[in-house]
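Since the structure comes first, as structure tokens, the remarks are kept for the end.
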Amino acid sequence: SAAPATWIWRDGALVPWREATVHVTSVGHASVAAVFEGIKAYRAVDGDRLLVFRLDDHLDRLYESARLCRIVIPFSPDELRTAVLETLRANGYRDDTYVRPWAFPRGLVREQMVPAGVECEVVIDTWPFTSHLFRERACRAGVSTWTRPGDSQLPARVKAFSNYHNGRLAVMEARVNGHDWPVLLNDRGQVSEGAGACVALVRRGTVVTPSLTSALLAGITRSTALDLLRDLGVPVEEREVDRTELALADEVFFVGTGWEVLPVGTIDGLVVGDGGTGPVTARLERAYADTVRGVLPARPGWLTEVPR
Ligand code: PMP
């Protein structure tokens, strides 16, 4: 596991990482109501500036997640924005870094079913993160027998820890079956997403990705990818996707903050394309790398420089 940071942000102040403890009976580490974000800061192409990618969009989603789970974040988005930048600055990161803000209700495990509207504690942890862009070989994916809970079962659209038990079970199953990662169907049997990333396929030059009503996280990288593909003149479709389309696709790839753009080489053992990174996936990977590192002009609000 990654080395701890020097500083962690907790409820309004930077505190030494090793001192940021909670009592074992705290509901915080066991809560079904905790919500979180996963954000990346990239080293800019032109030196050692650190650029946080789509910070405001990630924070917006954190508040949406909290709203849906009926917990109240006692900080304004502006305060959390400053806190993220301050945590990155204080730790002195010069290279790619992962940022993990999360919010969990105050209280004890015995009060697990906490009342709606309860205040929560907010923490921002950070750790060094190595980008796999252009490095990783295509992964092996398998369609999982675990399905994504429907929208009336768990709030898949937001980033709630409760959803990740489902994803973990699917990853464990995938590993047992010799795959790297699962692709989950939704409760209607159509393609939803991966365990930690959204999924897309390419068929005859068109990129197809499940629509947001397919029980997937409203992925920010997914939305970035759709924008970048449109810029590249690649036709895109957001719609319901059948599992057989995965098997017949020319290319399949995952998109997520941590996974970035990850090509899929096999689906349930069927080789996708030539088993490597397909041409459309490669163009997207290039555009994504150039966007997050500030080579290509980013859209307003996409890149936030960490102050020195
Ligand atoms: N789906 C799931 C289940 C995830 O955990 C993630 C990673 N946050 C994604 C999709 C991708 O979302 P994003 O691009 O916003 O990181």
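Going through the structure tokens in order, the chains are called A, B, and so on, while each chain numbers its residues from 1 and the ligands are numbered from 1 in the order shown.
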
*Using backbone DSSP assignments, extract all alpha helix (DSSP H) residues from stretch 106-303 of chain A; output them as a ChimeraX atom specification.*
/A:164-176,220-231,243-248,279-292

*Produce as a PyMOL selection string the set of residues near ligand 1, where near means within 10 Å with only C-alpha atoms and all ligand atoms considered.*
chain A and resi 36-40+54+57-58+61+148+156-161+163-164+166-168+184+192-199+215-225+254-261

*From a DSSP calculation on the backbone, collect every residue of stretch 16-214 of chain A in strand (DSSP E or B) and output the set as an MDAnalysis selection string.*
chainID A and resid 16 26 35:36 39:43 50:53 71:72 97:105 108 118:128 139:143 148 160 181:186 191:194 198:203 206:210

*asked:* With only C-alpha atoms as the counted atoms, please give the residues lying no more than 9 Å from stretch 265-267 of chain A, apart from itself and same-chain residues fewer than 5 positions off, as a PyMOL selection string.
replied: chain A and resi 137-143+179+183+246-247+251-253+272-277

*Using atom CA of A:Val45 and atom CA of A:Ala287 as the two end points, give the distance in Å to one decimal.*
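Computed distance, atom CA of A:Val45 to atom CA of A:Ala287, equals 13.3 Å.
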
*Could you pull the residues within 9 Å of A:Leu85, counting only C-alpha atoms, minus those fewer than 2 positions along the same chain, as JSON, numbers by chain?*
{"A": [52, 80, 81, 82, 83, 87, 88, 89, 90, 304, 305, 306, 307]}

Take the selection from the previous step and output its residues with N, CA and C atoms, as a tab-separated table (two decimals), in the first residue's frame.
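The file below, part-v9.tsv, is the result:
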chain	number	residue	atom	x	y	z
A	52	VAL	N	-4.74	19.92	-10.85
A	52	VAL	CA	-5.85	19.06	-10.40
A	52	VAL	C	-6.87	19.01	-11.53
A	80	LEU	N	-13.83	23.39	0.68
A	80	LEU	CA	-13.24	22.09	0.36
A	80	LEU	C	-12.26	22.20	-0.81
A	81	ARG	N	-12.57	23.10	-1.73
A	81	ARG	CA	-11.69	23.34	-2.87
A	81	ARG	C	-10.34	23.84	-2.36
A	82	THR	N	-10.38	24.85	-1.47
A	82	THR	CA	-9.15	25.38	-0.87
A	82	THR	C	-8.44	24.29	-0.09
A	83	ALA	N	-9.21	23.47	0.62
A	83	ALA	CA	-8.63	22.42	1.45
A	83	ALA	C	-7.87	21.39	0.60
A	87	THR	N	-3.92	20.81	1.00
A	87	THR	CA	-3.39	19.49	1.37
A	87	THR	C	-2.31	19.05	0.38
A	88	LEU	N	-2.55	19.30	-0.90
A	88	LEU	CA	-1.55	18.94	-1.92
A	88	LEU	C	-0.29	19.78	-1.74
A	89	ARG	N	-0.48	21.07	-1.48
A	89	ARG	CA	0.67	21.96	-1.31
A	89	ARG	C	1.49	21.56	-0.08
A	90	ALA	N	0.79	21.34	1.04
A	90	ALA	CA	1.48	21.04	2.31
A	90	ALA	C	2.30	19.76	2.21
A	304	THR	N	-6.81	22.98	-12.39
A	304	THR	CA	-6.57	23.92	-11.30
A	304	THR	C	-5.15	23.72	-10.80
A	305	GLU	N	-4.36	24.77	-10.88
A	305	GLU	CA	-2.96	24.65	-10.47
A	305	GLU	C	-2.85	24.68	-8.95
A	306	VAL	N	-2.04	23.78	-8.42
A	306	VAL	CA	-1.79	23.76	-6.97
A	306	VAL	C	-0.80	24.89	-6.66
A	307	PRO	N	-1.18	25.82	-5.73
A	307	PRO	CA	-0.26	26.91	-5.41
A	307	PRO	C	1.00	26.39	-4.72

*For atom CA of A:Arg135 and atom CA of A:Leu262, determine how far apart the two atoms are, in Å to one decimal place.*
9.9 Å

_For A:Val208: contacts at 7 Å, only C-alpha atoms, fewer than 3 positions along chain excluded, given as number ranges by chain_ = A: 200-202, 236-238

Set the distance at 10 Å and use only C-alpha atoms: which residues neighbour A:Asn177 once local chain neighbours fewer than 4 positions away are removed? I'd like the list as a CSV table (one decimal) with N, CA and C atoms, in the first residue's frame.
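What ended up in part_38.csv:
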chain,number,residue,atom,x,y,z
A,141,ALA,N,-10.9,-8.8,-19.4
A,141,ALA,CA,-12.2,-8.5,-18.7
A,141,ALA,C,-13.2,-9.6,-18.8
A,142,GLY,N,-14.0,-9.8,-17.8
A,142,GLY,CA,-15.1,-10.8,-17.9
A,142,GLY,C,-16.4,-10.2,-17.4
A,144,SER,N,-19.5,-10.1,-15.3
A,144,SER,CA,-19.7,-10.7,-14.0
A,144,SER,C,-21.1,-11.3,-13.8
A,171,VAL,N,-15.0,-8.0,-8.6
A,171,VAL,CA,-13.5,-8.1,-8.8
A,171,VAL,C,-13.0,-9.5,-8.3
A,172,MET,N,-13.4,-9.9,-7.2
A,172,MET,CA,-12.9,-11.2,-6.6
A,172,MET,C,-13.3,-12.3,-7.6
A,173,GLU,N,-14.6,-12.2,-8.1
A,173,GLU,CA,-15.0,-13.3,-9.0
A,173,GLU,C,-14.2,-13.3,-10.3
A,181,TRP,N,-10.4,-7.7,-14.6
A,181,TRP,CA,-11.5,-6.8,-14.1
A,181,TRP,C,-12.9,-7.3,-14.6
A,182,PRO,N,-13.9,-7.1,-13.8
A,182,PRO,CA,-15.3,-7.4,-14.3
A,182,PRO,C,-15.9,-6.3,-15.1
A,268,ASP,N,-14.3,-12.2,-21.6
A,268,ASP,CA,-14.6,-13.6,-21.4
A,268,ASP,C,-13.7,-14.5,-22.3

_Report, in Å to a single decimal, how far apart atom CA of A:Arg188 and atom CA of A:Arg243 are._
11.2 Å

_Minimum-distance residue to A:Leu270, chosen among A:Ser162, A:Ser211, A:Asn186, A:Thr244 (using only C-alpha atoms)_ = A:Thr244
